[in-house]
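Asks: Following this line is structure_22.txt, made up of compact mmCIF, C-alpha atoms:
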# COMPACT_ATOMS: atom_id res chain seq x y z
CA MET A 19 -18.75 -2.64 12.67
CA SER A 20 -16.52 -5.50 11.59
CA GLY A 21 -14.43 -6.13 8.49
CA THR A 22 -12.52 -3.50 6.61
CA GLN A 23 -13.15 -0.19 4.96
CA VAL A 24 -11.84 0.00 1.39
CA ILE A 25 -11.24 3.46 -0.04
CA VAL A 26 -10.61 3.58 -3.80
CA ASP A 27 -9.30 6.78 -5.35
CA ARG A 28 -11.32 7.50 -8.45
CA SER A 29 -10.72 11.26 -8.45
CA ARG A 30 -9.33 11.24 -12.00
CA HIS A 31 -11.72 8.62 -13.36
CA GLY A 32 -13.71 10.07 -16.27
CA ARG A 33 -12.54 13.64 -15.77
CA GLY A 34 -10.08 13.45 -18.65
CA CYS A 35 -12.65 12.40 -21.26
CA LEU A 36 -15.16 14.95 -20.03
CA GLY A 37 -12.60 17.78 -20.02
CA ALA A 38 -11.28 16.97 -23.48
CA SER A 39 -14.79 16.61 -24.92
CA CYS A 40 -16.13 19.84 -23.40
CA GLY A 41 -12.94 21.66 -24.35
CA THR A 42 -13.27 20.52 -27.95
CA VAL A 43 -16.87 21.76 -28.13
CA PHE A 44 -16.15 25.15 -26.51
CA GLY A 45 -12.88 25.64 -28.37
CA GLY A 46 -14.54 24.75 -31.67
CA PHE A 47 -17.36 27.18 -30.95
CA GLY A 48 -14.83 29.91 -30.10
CA VAL A 49 -12.80 29.36 -33.27
CA ALA A 50 -15.94 29.26 -35.43
CA PHE A 51 -17.18 32.46 -33.76
CA LEU A 52 -13.81 34.18 -34.36
CA VAL A 53 -13.76 33.14 -38.02
CA GLY A 54 -17.33 34.38 -38.46
CA VAL A 55 -16.55 37.75 -36.89
CA VAL A 56 -13.39 38.20 -38.99
CA VAL A 57 -15.25 37.28 -42.21
CA LEU A 58 -18.04 39.75 -41.38
CA MET A 59 -15.51 42.44 -40.52
CA PHE A 60 -13.79 42.10 -43.90
CA ALA A 61 -17.13 41.90 -45.71
CA GLY A 62 -18.16 45.16 -44.06
CA GLY A 63 -21.17 43.67 -42.29
CA LEU A 64 -20.25 44.70 -38.73
CA GLU A 65 -19.73 48.44 -39.17
CA GLY A 66 -21.95 50.03 -36.59
CA GLY A 67 -21.22 53.72 -36.70
CA PRO A 68 -18.89 55.35 -34.19
CA PHE A 69 -18.91 52.34 -31.87
CA GLY A 70 -18.17 49.80 -34.63
CA VAL A 71 -14.58 49.24 -33.56
CA LEU A 72 -15.63 48.63 -29.95
CA VAL A 73 -18.29 46.13 -31.04
CA ASP A 74 -15.76 44.35 -33.28
CA LEU A 75 -13.22 44.15 -30.45
CA GLY A 76 -15.86 42.93 -28.01
CA LEU A 77 -16.96 40.15 -30.36
CA LEU A 78 -13.34 39.16 -30.98
CA GLY A 79 -12.79 39.08 -27.21
CA ILE A 80 -15.79 36.80 -26.64
CA GLY A 81 -14.63 34.39 -29.31
CA SER A 82 -11.09 34.45 -27.93
CA VAL A 83 -12.28 33.61 -24.42
CA PHE A 84 -14.17 30.57 -25.73
CA ALA A 85 -11.23 29.45 -27.89
CA VAL A 86 -8.61 29.84 -25.15
CA GLY A 87 -10.87 28.30 -22.47
CA GLY A 88 -11.63 25.36 -24.73
CA GLY A 89 -7.94 24.87 -25.48
CA ALA A 90 -7.12 24.88 -21.76
CA ALA A 91 -9.90 22.34 -21.06
CA VAL A 92 -8.55 20.05 -23.80
CA PHE A 93 -5.01 20.38 -22.39
CA PHE A 94 -6.05 19.50 -18.83
CA GLY A 95 -8.38 16.75 -20.02
CA VAL A 96 -5.58 15.05 -21.95
CA ARG A 97 -3.27 15.56 -18.95
CA ASN A 98 -5.79 13.83 -16.65
CA LEU A 99 -6.12 10.94 -19.11
CA ARG A 100 -2.33 10.53 -19.18
CA LEU A 101 -2.06 10.66 -15.39
CA GLU A 102 -4.90 8.17 -14.96
CA HIS A 103 -3.11 5.77 -17.29
CA ALA A 104 0.33 6.36 -15.75
CA LEU A 105 -0.65 6.20 -12.07
CA GLY A 106 -3.31 3.47 -12.06
CA VAL A 107 -5.91 3.09 -9.30
CA SER A 108 -4.96 3.67 -5.65
CA THR A 109 -6.63 1.73 -2.85
CA LEU A 110 -6.41 2.18 0.92
CA VAL A 111 -7.66 -0.63 3.16
CA VAL A 112 -8.34 0.35 6.78
CA PRO A 113 -9.37 -2.44 9.16
CA SER A 114 -12.43 -1.65 11.27
CA VAL A 115 -11.20 -3.72 14.22
CA PRO A 116 -9.64 -2.30 16.37
CA LEU A 117 -11.78 0.79 16.13
CA LEU A 118 -10.10 3.94 14.92
CA CYS A 119 -10.50 6.12 17.98
CA LEU A 120 -8.39 8.47 20.10
CA GLY A 121 -5.18 6.78 21.22
CA ALA A 122 -5.63 3.72 18.96
CA VAL A 123 -3.06 2.35 16.50
CA VAL A 124 -4.33 0.84 13.26
CA VAL A 125 -2.24 -0.57 10.42
CA ALA A 126 -3.66 0.33 7.01
CA ARG A 127 -2.54 -1.10 3.68
CA PHE A 128 -2.02 0.97 0.54
CA SER A 129 -1.74 -0.45 -2.96
CA ARG A 130 -1.88 0.82 -6.49
CA SER A 131 -2.90 -1.40 -9.37
CA GLY A 132 -2.08 -0.66 -12.98
CA GLY A 133 0.07 2.21 -14.07
CA SER A 134 3.21 2.47 -16.15
CA ARG A 135 6.54 0.78 -15.39
CA GLN A 136 8.17 4.13 -14.65
CA VAL A 137 5.79 4.67 -11.75
CA THR A 138 6.11 1.15 -10.30
CA GLY A 139 9.90 0.93 -10.74
CA THR A 140 11.12 2.50 -7.50
CA PRO A 141 8.11 3.49 -5.42
CA ARG A 142 8.36 6.23 -2.80
CA LEU A 143 5.35 6.56 -0.56
CA ALA A 144 4.50 9.31 1.91
CA ALA A 145 1.49 9.75 4.20
CA LYS A 146 0.15 12.41 6.56
CA LEU A 147 -2.33 12.18 9.39
CA ILE A 148 -4.48 15.29 9.52
CA CYS A 149 -7.09 15.58 12.29
CA HIS A 150 -9.92 18.10 12.05
CA GLU A 151 -12.30 19.11 14.80
CA SER A 152 -15.72 20.31 13.76
CA ALA A 153 -18.34 22.00 15.93
CA THR A 154 -21.76 23.31 14.97
CA TYR A 155 -23.42 25.91 17.15
CA GLN A 156 -26.55 28.05 17.04
CA GLN A 157 -26.42 31.82 17.40
CA GLY A 158 -29.92 33.26 17.29
CA ASN A 159 -31.56 31.87 14.16
CA ASP A 160 -28.23 31.24 12.41
CA SER A 161 -26.35 27.97 12.52
CA HIS A 162 -22.54 28.15 12.31
CA THR A 163 -19.98 25.39 11.83
CA ALA A 164 -16.38 25.81 12.91
CA ASN A 165 -13.81 23.48 11.36
CA LEU A 166 -10.30 23.57 12.79
CA GLU A 167 -7.20 21.51 12.05
CA VAL A 168 -5.99 20.33 15.45
CA TYR A 169 -3.22 17.89 14.54
CA ARG A 170 -0.90 17.15 11.59
CA ARG A 171 1.93 14.64 11.44
CA GLU A 172 3.92 12.76 8.82
CA LEU A 173 3.43 9.00 9.01
CA GLU A 174 6.07 6.38 8.34
CA VAL A 175 5.25 4.14 5.38
CA GLN A 176 6.79 0.68 5.08
CA VAL A 177 7.07 -0.04 1.36
CA ASP A 178 6.39 -3.65 0.33
CA PRO A 179 9.25 -4.74 -1.96
CA ALA A 180 7.07 -6.63 -4.46
CA PRO A 181 8.44 -6.11 -7.99
CA GLY A 182 6.16 -4.26 -10.39
CA ALA A 183 3.77 -3.09 -7.67
CA VAL A 184 3.35 -0.08 -5.45
CA ALA A 185 2.22 -1.20 -2.01
CA GLY A 186 2.93 -0.43 1.61
CA ARG A 187 1.72 -0.43 5.20
CA ILE A 188 0.97 2.65 7.24
CA ALA A 189 0.76 2.58 11.04
CA ILE A 190 -1.82 5.20 12.05
CA ALA A 191 -1.53 6.26 15.68
CA VAL A 192 -4.37 8.64 16.44
CA PRO A 193 -3.33 11.06 19.18
CA PRO A 194 -5.39 11.12 22.38
Would you write out, as structure tokens, the structure that this file holds?
Replies:
Amino acid sequence: MSGTQVIVDRSRHGRGCLGASCGTVFGGFGVAFLVGVVVLMFAGGLEGGPFGVLVDLGLLGIGSVFAVGGGAAVFFGVRNLRLEHALGVSTLVVPSVPLLCLGAVVVARFSRSGGSRQVTGTPRLAAKLICHESATYQQGNDSHTANLEVYRRELEVQVDPAPGAVAGRIAIAVPP
């Protein structure tokens, strides 16, 4: 395999709009449900004998769960939108030659495009190399997979001093 592998972080892309939209729908439903229950309670339409108070409290609880859950979804959706705008899009470019194998050293490049001036002013970059070992084995008719972290190390990042940008190089030395 020749060339490079480009990894673009789009983990926040679209999640903010979806969270805020779903939160608005669920929160609106919860508030409308609460208002309906309260109106029916004062109109005397929800009296159900000896268990009337429990039914009223249960309905208020259901509406409250929807309203609070919707409010939380709106909050985190707006937070994701703000972070997506502030941080921009991160890209990691890993060259395919030399091959990334045990004992090899590969220099990868990190960059972030977009984002606010506060984020690009004085960039501080950190990286970790985390190696996992995975093994799948058969025991009778059942298949099991064991996943174990075998190595973890902080990597040194050389920050490129370009003004208004967040970029750097990372030397990845895979342990033998």
Asks: Any idea what the distance is between atom CA of A:Pro179 and atom CA of A:Arg127?
Replies: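 Computed distance, atom CA of A:Pro179 to atom CA of A:Arg127, equals 13.6 Å.
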Asks: Leaving out A:Ala38 and any residue of its chain fewer than 5 positions from it, which residues lie within 8 Å of it when counting all atoms listed in the file, given as an MDAnalysis selection string?
Replies: chainID A and resid 91:96
Asks: To one decimal in Å, tell me the separation between atom CA of A:Leu173 and atom CA of A:Ala104.
Replies: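 Interatomic distance, atom CA of A:Leu173 to atom CA of A:Ala104: 25.1 Å.
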Asks: Might you pull out every residue within 12 Å of A:Leu52, with only C-alpha atoms counted and same-chain residues fewer than 4 positions away left off, and present them as a PDB file with C-alpha atoms, keeping the file's coordinate frame?
Replies:
ATOM      1  CA  GLY A  45     -12.880  25.640 -28.370  1.00  0.00           C
ATOM      2  CA  GLY A  46     -14.540  24.750 -31.670  1.00  0.00           C
ATOM      3  CA  PHE A  47     -17.360  27.180 -30.950  1.00  0.00           C
ATOM      4  CA  GLY A  48     -14.830  29.910 -30.100  1.00  0.00           C
ATOM      5  CA  VAL A  56     -13.390  38.200 -38.990  1.00  0.00           C
ATOM      6  CA  VAL A  57     -15.250  37.280 -42.210  1.00  0.00           C
ATOM      7  CA  LEU A  58     -18.040  39.750 -41.380  1.00  0.00           C
ATOM      8  CA  MET A  59     -15.510  42.440 -40.520  1.00  0.00           C
ATOM      9  CA  ASP A  74     -15.760  44.350 -33.280  1.00  0.00           C
ATOM     10  CA  LEU A  75     -13.220  44.150 -30.450  1.00  0.00           C
ATOM     11  CA  GLY A  76     -15.860  42.930 -28.010  1.00  0.00           C
ATOM     12  CA  LEU A  77     -16.960  40.150 -30.360  1.00  0.00           C
ATOM     13  CA  LEU A  78     -13.340  39.160 -30.980  1.00  0.00           C
ATOM     14  CA  GLY A  79     -12.790  39.080 -27.210  1.00  0.00           C
ATOM     15  CA  ILE A  80     -15.790  36.800 -26.640  1.00  0.00           C
ATOM     16  CA  GLY A  81     -14.630  34.390 -29.310  1.00  0.00           C
ATOM     17  CA  SER A  82     -11.090  34.450 -27.930  1.00  0.00           C
ATOM     18  CA  VAL A  83     -12.280  33.610 -24.420  1.00  0.00           C
ATOM     19  CA  PHE A  84     -14.170  30.570 -25.730  1.00  0.00           C
ATOM     20  CA  ALA A  85     -11.230  29.450 -27.890  1.00  0.00           C
ATOM     21  CA  VAL A  86      -8.610  29.840 -25.150  1.00  0.00           C
TER      22      VAL A  86
END
Asks: Pick the closest to A:Arg171 from A:Ala145, A:Ala153, A:Val184, A:Ala189: which is it, counting only C-alpha atoms?
Replies: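 Using only C-alpha atoms, the shortest distance to A:Arg171 belongs to A:Ala145.
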Asks: Pick out the closest residue to A:Arg130 from this set: A:Thr163, A:Ser114, A:Ser108, A:Gln176. Count only C-alpha atoms.
Replies: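 Among the listed residues, A:Ser108 lies closest to A:Arg130.
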Asks: What lies within 12 Å of A:Glu174 using all atoms listed in the file, ignoring chain neighbours under 4 positions off, as a ChimeraX atom specification?
Replies: /A:125-126,142-147,186-191
Asks: When you draw a straight line from atom CA of A:Val168 to atom CA of A:Val192, how long is it in Å?
Replies: 11.8 Å
Asks: Using all atoms listed in the file, pick whichever of A:Gly62, A:Gly70, A:Pro113, A:Gly121 has the shortest atom-to-atom distance to A:Pro193.
Replies: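 Using all atoms listed in the file, the shortest distance to A:Pro193 belongs to A:Gly121.
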